[in-house]
file final.cif (mmCIF, C-alpha atoms)
data_run
#
loop_
_atom_site.label_atom_id
_atom_site.label_comp_id
_atom_site.auth_asym_id
_atom_site.auth_seq_id
_atom_site.Cartn_x
_atom_site.Cartn_y
_atom_site.Cartn_z
CA ILE A 1 -16.20 -10.42 2.37
CA ALA A 2 -12.72 -9.26 3.34
CA TYR A 3 -11.66 -5.66 2.69
CA ILE A 4 -7.90 -5.15 2.78
CA ASP A 5 -6.21 -1.77 3.11
CA GLY A 6 -3.06 -2.68 1.20
CA PHE A 7 -0.81 0.16 2.28
CA ASN A 8 -1.93 0.12 5.90
CA LEU A 9 -1.12 -3.59 5.98
CA TYR A 10 2.17 -3.17 4.09
CA PHE A 11 3.53 -0.39 6.30
CA GLY A 12 2.40 -2.18 9.45
CA MET A 13 4.25 -5.36 8.44
CA LYS A 14 7.25 -3.35 7.27
CA SER A 15 7.57 -1.44 10.54
CA GLN A 16 7.25 -4.56 12.69
CA TYR A 17 8.97 -7.27 10.62
CA GLY A 18 10.94 -5.54 7.87
CA ASN A 19 10.66 -7.41 4.55
CA GLN A 20 10.00 -10.77 6.15
CA PHE A 21 6.32 -11.33 5.32
CA LEU A 22 5.62 -9.00 2.39
CA TRP A 23 4.97 -11.88 -0.09
CA LEU A 24 1.60 -12.24 1.58
CA ASP A 25 -1.37 -14.25 0.32
CA VAL A 26 -4.11 -11.93 1.58
CA GLU A 27 -6.84 -14.37 0.57
CA THR A 28 -5.37 -17.13 2.75
CA LEU A 29 -4.91 -14.60 5.56
CA SER A 30 -8.56 -13.52 5.25
CA ARG A 31 -9.75 -17.12 5.25
CA SER A 32 -7.82 -17.78 8.46
CA PHE A 33 -10.21 -15.44 10.32
CA LEU A 34 -13.35 -17.38 9.43
CA ILE A 35 -15.24 -19.34 12.05
CA SER A 36 -17.09 -22.61 11.56
CA GLY A 37 -19.88 -22.36 8.97
CA GLN A 38 -18.55 -19.21 7.29
CA THR A 39 -17.46 -18.98 3.65
CA LEU A 40 -15.23 -16.30 2.19
CA THR A 41 -17.13 -15.09 -0.88
CA ALA A 42 -14.75 -12.29 -1.94
CA THR A 43 -11.42 -10.72 -1.02
CA LYS A 44 -11.14 -7.08 -2.03
CA TYR A 45 -7.68 -5.54 -2.06
CA PHE A 46 -7.23 -1.76 -2.10
CA THR A 47 -3.97 -0.04 -2.99
CA SER A 48 -2.30 2.50 -5.28
CA ARG A 49 0.49 1.86 -7.75
CA VAL A 50 3.85 3.28 -6.75
CA THR A 51 5.23 5.81 -9.26
CA ASN A 52 8.62 7.33 -10.05
CA GLN A 53 10.48 4.69 -8.02
CA PRO A 54 11.48 1.96 -10.52
CA ASP A 55 12.69 -0.66 -8.01
CA LYS A 56 9.60 -0.31 -5.81
CA GLU A 57 7.35 -0.23 -8.88
CA LYS A 58 8.86 -3.53 -10.08
CA ARG A 59 8.49 -5.26 -6.69
CA GLN A 60 4.91 -4.04 -6.25
CA GLY A 61 4.03 -5.02 -9.82
CA THR A 62 5.44 -8.51 -9.32
CA TYR A 63 3.51 -8.91 -6.08
CA LEU A 64 0.20 -7.72 -7.54
CA GLU A 65 0.63 -10.00 -10.56
CA ALA A 66 1.36 -12.92 -8.24
CA LEU A 67 -1.75 -12.19 -6.17
CA LYS A 68 -3.80 -12.00 -9.35
CA ALA A 69 -2.44 -15.34 -10.60
CA ALA A 70 -2.63 -17.25 -7.31
CA THR A 71 -5.88 -15.95 -5.81
CA ASP A 72 -9.34 -14.69 -6.70
CA CYS A 73 -8.70 -11.25 -5.20
CA GLN A 74 -10.49 -8.26 -6.65
CA PHE A 75 -8.34 -5.13 -6.98
CA PHE A 76 -9.32 -1.50 -6.44
CA PHE A 77 -6.77 1.20 -7.18
CA GLY A 78 -6.43 4.70 -5.84
CA ARG A 79 -3.69 7.06 -6.94
CA TYR A 80 -0.67 8.95 -5.73
CA GLN A 81 -0.81 12.72 -5.49
CA SER A 82 2.46 14.61 -5.60
CA ASN A 83 2.73 17.04 -2.71
CA ILE A 84 5.65 19.42 -2.28
CA ILE A 85 7.09 19.87 1.21
CA GLN A 86 9.24 22.89 2.00
CA CYS A 87 11.85 23.01 4.74
CA LYS A 88 11.07 26.01 6.96
CA GLY A 89 14.72 26.31 7.90
CA CYS A 90 16.50 26.28 4.53
CA GLY A 91 13.67 26.73 2.04
CA SER A 92 14.46 23.52 0.14
CA ASN A 93 11.59 21.68 -1.53
CA TRP A 94 11.12 17.95 -2.04
CA PRO A 95 8.31 15.78 -3.33
CA SER A 96 6.20 13.82 -0.83
CA PRO A 97 3.68 11.62 -2.67
CA LYS A 98 0.52 10.78 -0.74
CA GLU A 99 -1.80 7.91 -1.45
CA LYS A 100 -5.34 9.03 -2.20
CA MET A 101 -8.75 7.37 -2.45
CA THR A 102 -8.09 4.05 -0.68
CA ASP A 103 -10.30 4.79 2.33
CA VAL A 104 -13.06 6.16 0.05
CA ASN A 105 -12.84 3.08 -2.17
CA ILE A 106 -13.08 0.76 0.85
CA ALA A 107 -16.00 2.72 2.29
CA THR A 108 -17.83 2.66 -1.06
CA GLN A 109 -17.42 -1.08 -1.50
CA MET A 110 -18.44 -1.88 2.07
CA LEU A 111 -21.56 0.29 1.84
CA MET A 112 -22.57 -1.04 -1.58
CA ASP A 113 -22.03 -4.65 -0.53
CA ALA A 114 -23.97 -4.16 2.69
CA PHE A 115 -26.94 -2.48 1.01
CA THR A 116 -27.07 -5.12 -1.76
CA ASP A 117 -26.80 -7.90 0.85
CA GLN A 118 -23.53 -9.33 -0.44
CA PHE A 119 -22.29 -10.31 3.03
CA ASP A 120 -23.49 -11.31 6.47
CA THR A 121 -20.08 -10.53 7.97
CA ALA A 122 -17.43 -8.08 6.75
CA ILE A 123 -13.78 -8.42 7.73
CA LEU A 124 -11.74 -5.23 7.51
CA ILE A 125 -7.95 -5.42 7.59
CA SER A 126 -6.85 -1.91 8.45
CA GLY A 127 -6.23 0.46 11.31
CA ASP A 128 -7.53 3.55 9.50
CA THR A 129 -9.99 5.50 11.64
CA ASP A 130 -11.37 7.23 8.49
CA LEU A 131 -13.35 4.00 8.02
CA ILE A 132 -15.38 4.54 11.21
CA PRO A 133 -18.22 6.56 9.52
CA PRO A 134 -19.12 3.91 6.89
CA ILE A 135 -19.02 1.19 9.56
CA GLN A 136 -21.34 3.24 11.77
CA ALA A 137 -23.68 3.84 8.82
CA ILE A 138 -23.91 0.12 8.08
CA LYS A 139 -24.47 -0.78 11.73
CA ALA A 140 -27.14 1.91 12.16
CA ASN A 141 -29.14 0.87 9.10
CA MET A 142 -28.50 -2.88 9.11
CA PRO A 143 -27.79 -3.99 12.68
CA ASN A 144 -27.87 -7.64 11.60
CA LYS A 145 -24.67 -7.16 9.59
CA ARG A 146 -21.55 -8.07 11.56
CA ILE A 147 -18.33 -6.16 10.98
CA GLY A 148 -14.95 -7.09 12.40
CA VAL A 149 -11.52 -5.55 12.10
CA TYR A 150 -8.12 -7.19 12.20
CA PHE A 151 -5.33 -4.74 12.80
CA PRO A 152 -2.00 -4.97 10.94
CA PRO A 153 1.09 -4.90 13.16
CA LYS A 154 1.52 -1.52 14.90
CA ARG A 155 -1.79 -0.25 13.50
CA HIS A 156 -4.17 -0.85 16.41
CA SER A 157 -6.91 1.76 16.95
CA ILE A 158 -9.09 1.85 20.05
CA GLN A 159 -11.55 4.14 18.24
CA LEU A 160 -11.96 1.73 15.34
CA GLU A 161 -12.16 -1.24 17.68
CA SER A 162 -15.01 0.43 19.59
CA VAL A 163 -17.41 0.50 16.61
CA VAL A 164 -17.08 -3.12 15.37
CA ASP A 165 -18.50 -6.45 16.55
CA PHE A 166 -15.16 -8.22 16.92
CA SER A 167 -11.48 -7.46 16.43
CA GLY A 168 -8.01 -8.93 16.62
CA LEU A 169 -4.34 -8.26 15.98
CA ILE A 170 -2.54 -9.88 13.06
CA GLY A 171 0.51 -11.59 14.52
CA ARG A 172 3.65 -13.25 13.19
CA LYS A 173 2.14 -16.75 12.91
CA LYS A 174 -0.80 -15.58 10.78
CA LEU A 175 1.57 -13.78 8.43
CA ARG A 176 4.06 -16.65 8.29
CA ASP A 177 1.32 -19.18 7.54
CA SER A 178 -0.22 -17.02 4.79
CA GLN A 179 2.68 -16.62 2.37
CA LEU A 180 2.44 -17.14 -1.37
CA PRO A 181 4.59 -19.91 -2.87
CA HIS A 182 8.11 -18.67 -3.69
CA ASP A 183 7.29 -19.01 -7.40
CA VAL A 184 3.86 -18.28 -8.84
CA THR A 185 3.06 -19.28 -12.43
CA LYS A 186 0.82 -17.03 -14.49
CA PRO A 187 -1.74 -18.56 -16.88
CA ASN A 188 0.64 -17.86 -19.79
CA GLY A 189 3.41 -19.85 -18.09
CA PHE A 190 5.47 -16.85 -16.95
CA ILE A 191 6.95 -17.43 -13.48
CA LEU A 192 6.77 -14.68 -10.87
CA SER A 193 9.30 -15.05 -8.05
CA ARG A 194 9.37 -13.40 -4.66
CA PRO A 195 11.68 -10.36 -4.82
CA GLU A 196 15.14 -11.20 -3.48
CA SER A 197 15.00 -8.43 -0.88
CA TRP A 198 11.73 -9.83 0.51
CA VAL A 199 13.29 -12.52 2.68
#
call {"tool": "encode", "arguments": {"input": "final.cif", "output": "structure tokens"}}
result
Amino acid sequence: IAYIDGFNLYFGMKSQYGNQFLWLDVETLSRSFLISGQTLTATKYFTSRVTNQPDKEKRQGTYLEALKAATDCQFFFGRYQSNIIQCKGCGSNWPSPKEKMTDVNIATQMLMDAFTDQFDTAILISGDTDLIPPIQAIKANMPNKRIGVYFPPKRHSIQLESVVDFSGLIGRKKLRDSQLPHDVTKPNGFILSRPESWV
């Protein structure tokens, strides 16, 4: 089973490659990490829906709909929490939304799937060190379960790497070879196209 930290992956790709590879087929990417004899039984994608930013909401919505239509991904949603940041110099306030629950959702799914024997090997796509405790819990109680992590661009963590069985960095070729078709057709015939700014 592959567990994908959507925002960690998005911001890693964005910081390294701009908008170049954002129309990403995460199921194909996950399958590219399998070795001989392995089968990908599920791809679990964790994210939160963008709010109060119409253009970003539309692009994210199109992408999630395309993933839903073109793959068998399972989706798990967190939420955004509005935080207010105040400038210490001038006293001005501005909103700073923070994504919540993604790491908890990933940890919950990994632990449940491990304890119900849903996987022999788990593939985590993230660089979030908050996921170290659930990995350690799985390894301590079920040492036969293998867990690997593939780091998004610019998201490598030595601490996370130290607690898994195998690891790797997601490079340009993997991302380039794992893109969705430019146009994805939904079951009702509606065509979803890659956002123009995602070139």
call {"tool": "residues_around", "arguments": {"input": "final.cif", "residues": "Phe115 of chain A", "least_positions_apart": "5", "cutoff": "9 Å", "atoms": "only C-alpha atoms", "output": "JSON, numbers by chain"}}
result
{"A": [110, 138, 142]}
call {"tool": "resolve_selection", "arguments": {"input": "final.cif", "expression": "the PyMOL selection byres ((chain A and resi 19) around 10)", "output": "list of chain:residue names"}}
result
A:Tyr10, A:Met13, A:Lys14, A:Ser15, A:Gln16, A:Tyr17, A:Gly18, A:Gln20, A:Phe21, A:Leu22, A:Trp23, A:Pro195, A:Glu196, A:Ser197, A:Trp198, A:Val199
call {"tool": "resolve_selection", "arguments": {"input": "final.cif", "expression": "the PyMOL selection byres ((chain A and resi 72) around 10)", "output": "JSON, numbers by chain"}}
result
{"A": [27, 41, 42, 43, 44, 67, 68, 69, 70, 71, 73, 74, 75]}
call {"tool": "residues_around", "arguments": {"input": "final.cif", "residues": "Asp113 of chain A", "least_positions_apart": "3", "cutoff": "12 Å", "atoms": "only C-alpha atoms", "output": "list in words"}}
result
Ile1, Ala2, Tyr3, Thr41, Ala42, Lys44, Ile106, Ala107, Thr108, Gln109, Met110, Thr116, Asp117, Gln118, Phe119, Asp120, Thr121, Ala122, Pro134, Ile138, Met142 and Lys145 of chain A
call {"tool": "write_last_selection", "arguments": {"input": "final.cif", "atoms": "C-alpha atoms", "output": "short mmCIF file (atom, residue, chain, number, x, y, z; two decimals), in the frame of the given file"}}
result
data_model
loop_
_atom_site.label_atom_id
_atom_site.label_comp_id
_atom_site.auth_asym_id
_atom_site.auth_seq_id
_atom_site.Cartn_x
_atom_site.Cartn_y
_atom_site.Cartn_z
CA ILE A 1 -16.20 -10.42 2.37
CA ALA A 2 -12.72 -9.26 3.34
CA TYR A 3 -11.66 -5.66 2.69
CA THR A 41 -17.13 -15.09 -0.88
CA ALA A 42 -14.75 -12.29 -1.94
CA LYS A 44 -11.14 -7.08 -2.03
CA ILE A 106 -13.08 0.76 0.85
CA ALA A 107 -16.00 2.72 2.29
CA THR A 108 -17.83 2.66 -1.06
CA GLN A 109 -17.42 -1.08 -1.50
CA MET A 110 -18.44 -1.88 2.07
CA THR A 116 -27.07 -5.12 -1.76
CA ASP A 117 -26.80 -7.90 0.85
CA GLN A 118 -23.53 -9.33 -0.44
CA PHE A 119 -22.29 -10.31 3.03
CA ASP A 120 -23.49 -11.31 6.47
CA THR A 121 -20.08 -10.53 7.97
CA ALA A 122 -17.43 -8.08 6.75
CA PRO A 134 -19.12 3.91 6.89
CA ILE A 138 -23.91 0.12 8.08
CA MET A 142 -28.50 -2.88 9.11
CA LYS A 145 -24.67 -7.16 9.59
#
call {"tool": "residues_around", "arguments": {"input": "final.cif", "residues": "Leu24 of chain A", "least_positions_apart": "2", "cutoff": "6 Å", "atoms": "only C-alpha atoms", "output": "VMD selection string"}}
result
chain A and resid 22 26 179 to 180
call {"tool": "write_last_selection", "arguments": {"input": "final.cif", "atoms": "C-alpha atoms", "output": "compact mmCIF listing (two decimals), in the coordinates of the input"}}
result
# COMPACT_ATOMS: atom_id res chain seq x y z
CA LEU A 22 5.62 -9.00 2.39
CA VAL A 26 -4.11 -11.93 1.58
CA GLN A 179 2.68 -16.62 2.37
CA LEU A 180 2.44 -17.14 -1.37
call {"tool": "resolve_selection", "arguments": {"input": "final.cif", "expression": "the PyMOL selection byres ((chain A and resi 150-152) around 9)", "output": "PDB file with C-alpha atoms, in the coordinates of the input"}}
result
ATOM      1  CA  ASN A   8      -1.930   0.120   5.900  1.00  0.00           C
ATOM      2  CA  LEU A   9      -1.120  -3.590   5.980  1.00  0.00           C
ATOM      3  CA  TYR A  10       2.170  -3.170   4.090  1.00  0.00           C
ATOM      4  CA  PHE A  11       3.530  -0.390   6.300  1.00  0.00           C
ATOM      5  CA  GLY A  12       2.400  -2.180   9.450  1.00  0.00           C
ATOM      6  CA  MET A  13       4.250  -5.360   8.440  1.00  0.00           C
ATOM      7  CA  PHE A  33     -10.210 -15.440  10.320  1.00  0.00           C
ATOM      8  CA  ILE A 123     -13.780  -8.420   7.730  1.00  0.00           C
ATOM      9  CA  LEU A 124     -11.740  -5.230   7.510  1.00  0.00           C
ATOM     10  CA  ILE A 125      -7.950  -5.420   7.590  1.00  0.00           C
ATOM     11  CA  SER A 126      -6.850  -1.910   8.450  1.00  0.00           C
ATOM     12  CA  GLY A 127      -6.230   0.460  11.310  1.00  0.00           C
ATOM     13  CA  GLY A 148     -14.950  -7.090  12.400  1.00  0.00           C
ATOM     14  CA  VAL A 149     -11.520  -5.550  12.100  1.00  0.00           C
ATOM     15  CA  PRO A 153       1.090  -4.900  13.160  1.00  0.00           C
ATOM     16  CA  LYS A 154       1.520  -1.520  14.900  1.00  0.00           C
ATOM     17  CA  ARG A 155      -1.790  -0.250  13.500  1.00  0.00           C
ATOM     18  CA  HIS A 156      -4.170  -0.850  16.410  1.00  0.00           C
ATOM     19  CA  SER A 157      -6.910   1.760  16.950  1.00  0.00           C
ATOM     20  CA  PHE A 166     -15.160  -8.220  16.920  1.00  0.00           C
ATOM     21  CA  SER A 167     -11.480  -7.460  16.430  1.00  0.00           C
ATOM     22  CA  GLY A 168      -8.010  -8.930  16.620  1.00  0.00           C
ATOM     23  CA  LEU A 169      -4.340  -8.260  15.980  1.00  0.00           C
ATOM     24  CA  ILE A 170      -2.540  -9.880  13.060  1.00  0.00           C
ATOM     25  CA  GLY A 171       0.510 -11.590  14.520  1.00  0.00           C
TER      26      GLY A 171
END
call {"tool": "closest_residue", "arguments": {"input": "final.cif", "among": "A:Arg146, A:Met101, A:Ile35, A:Ser178", "to": "Leu131 of chain A", "atoms": "only C-alpha atoms"}}
result
A:Met101
call {"tool": "atom_distance", "arguments": {"input": "final.cif", "atom1": "atom CA of Phe76 of chain A", "atom2": "atom CA of Thr51 of chain A"}}
result
16.5 Å
call {"tool": "residues_around", "arguments": {"input": "final.cif", "residues": "Asp183 of chain A", "least_positions_apart": "5", "cutoff": "8 Å", "atoms": "all atoms listed in the file", "output": "list in words"}}
result
Ile191, Leu192, Ser193 and Arg194 of chain A
